[in-house]
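S.K.: Pasting a structure below so you can have a look.
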Amino acid sequence: LAQRGGHESPTRALARKDLRVFVRDTTQWTQMLLLIALVAIYVVNFSYIRSAGDSGIIPPHGLHFINLSLGGFVAVAVCVRFAFPAISLEGRAFWIVLRAPIPMRKVLVGKWRSLAIPLAGLISLLVSVTSVWLGSGLLLTALAVLTVVPLTVGLCGLALGLGARFPRFHIDNAAKIATGLGGVLYMLGGLLLLLAVVLLAVAPTLGLTQWLEHGYMTRDGLWRGLGVLAGVIALALPLVVGRIAVGRGAQHLEIHGIDA
């Protein structure tokens, strides 16, 4: 673990190990091609959504929430492929990690961080590009990115935590790992979390855009306060859910170990 001028932290060493395993595993490359295909289909479909917006069928705010919802759906799909199998892909050699002098929660948090940063960057880039393409404007684009980043981080934590709670160390194919009970629970939980965040974001988004674009808000102080509260919950809820899932997954691995 020696590094220039000091010592590398265990979590960073594990992150570097995961990156090397990912690069050396050719089965992961084919999954990257599937991810690229998913992103391409996502972007192409927006040409039809844009046509509906140009014709006036869908208002600008409707386009914004459709973009946010579809971006969140892509985040759910990407996390189930890359974050959920992260623990199971350690295989039977996971006992080495269990014997290391590192708390299991710290191991999962390190994996969460190393996975969440690139996934959140990918989804935020995707949502911002499609938002600009739809002509949503700078404000709605910024709000979409602000909403989707904590959502993706939370979904990544939820997938990682449930993957640790329902590990399948005997399967070395990442595509098959998510086909069990844990993968189903993650998809249901991820979609419910996405729905909750989108619904919570409606009131603060409409209120903020009305205030910044027109200089007034039709609602009274109570409604404005509720809108602010809904916005805070929309940003914090995914992070809380992800943190709880990671903690429960770490606790399960510490109790049951390789036989989890």
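In the structure tokens, chains take letters A, B, ... by order of appearance, with residues numbered from 1 within each chain and ligands from 1 in the order shown.
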Hey, could you make a per-residue contact list for segment 124-174 of chain A against segment 191-208 of chain A with 10 Å as the cut-off, showing the nearest pair of atoms and its distance in Å to one decimal, counting only C-alpha atoms, sorted by chain and number, as JSON lines?
M.R.:
{"residue": "A:Leu139", "atom": "CA", "partner": "A:Leu208", "partner_atom": "CA", "distance": 9.2}
{"residue": "A:Leu140", "atom": "CA", "partner": "A:Thr205", "partner_atom": "CA", "distance": 8.0}
{"residue": "A:Leu143", "atom": "CA", "partner": "A:Thr205", "partner_atom": "CA", "distance": 7.5}
{"residue": "A:Ala144", "atom": "CA", "partner": "A:Thr205", "partner_atom": "CA", "distance": 9.4}
{"residue": "A:Thr147", "atom": "CA", "partner": "A:Ala201", "partner_atom": "CA", "distance": 7.9}
{"residue": "A:Val148", "atom": "CA", "partner": "A:Val197", "partner_atom": "CA", "distance": 9.2}
{"residue": "A:Leu151", "atom": "CA", "partner": "A:Leu194", "partner_atom": "CA", "distance": 7.4}
{"residue": "A:Thr152", "atom": "CA", "partner": "A:Leu194", "partner_atom": "CA", "distance": 9.4}
{"residue": "A:Gly154", "atom": "CA", "partner": "A:Leu193", "partner_atom": "CA", "distance": 9.0}
{"residue": "A:Leu155", "atom": "CA", "partner": "A:Leu193", "partner_atom": "CA", "distance": 8.1}
{"residue": "A:Leu158", "atom": "CA", "partner": "A:Leu193", "partner_atom": "CA", "distance": 9.8}
S.K.: Need to verify the contact set: segment 128-135 of chain A, 12 Å, only C-alpha atoms, exclusion of same-chain residues closer than 5 positions in sequence. Can you return it as a ChimeraX atom specification?
M.R.: /A:39-40,42-54,58-71,120-123,140-149
S.K.: Identify which of the residues A:Ala174, A:Val184, A:Ile244, A:Leu235 lies closest to Ala86 of chain A, counting only C-alpha atoms when measuring atom-to-atom distances.
M.R.: A:Ala174
S.K.: Using only C-alpha atoms, which of A:Ala75, A:Ile96, A:Ile177, A:Val153 sits nearest Val127 of chain A?
M.R.: A:Ala75
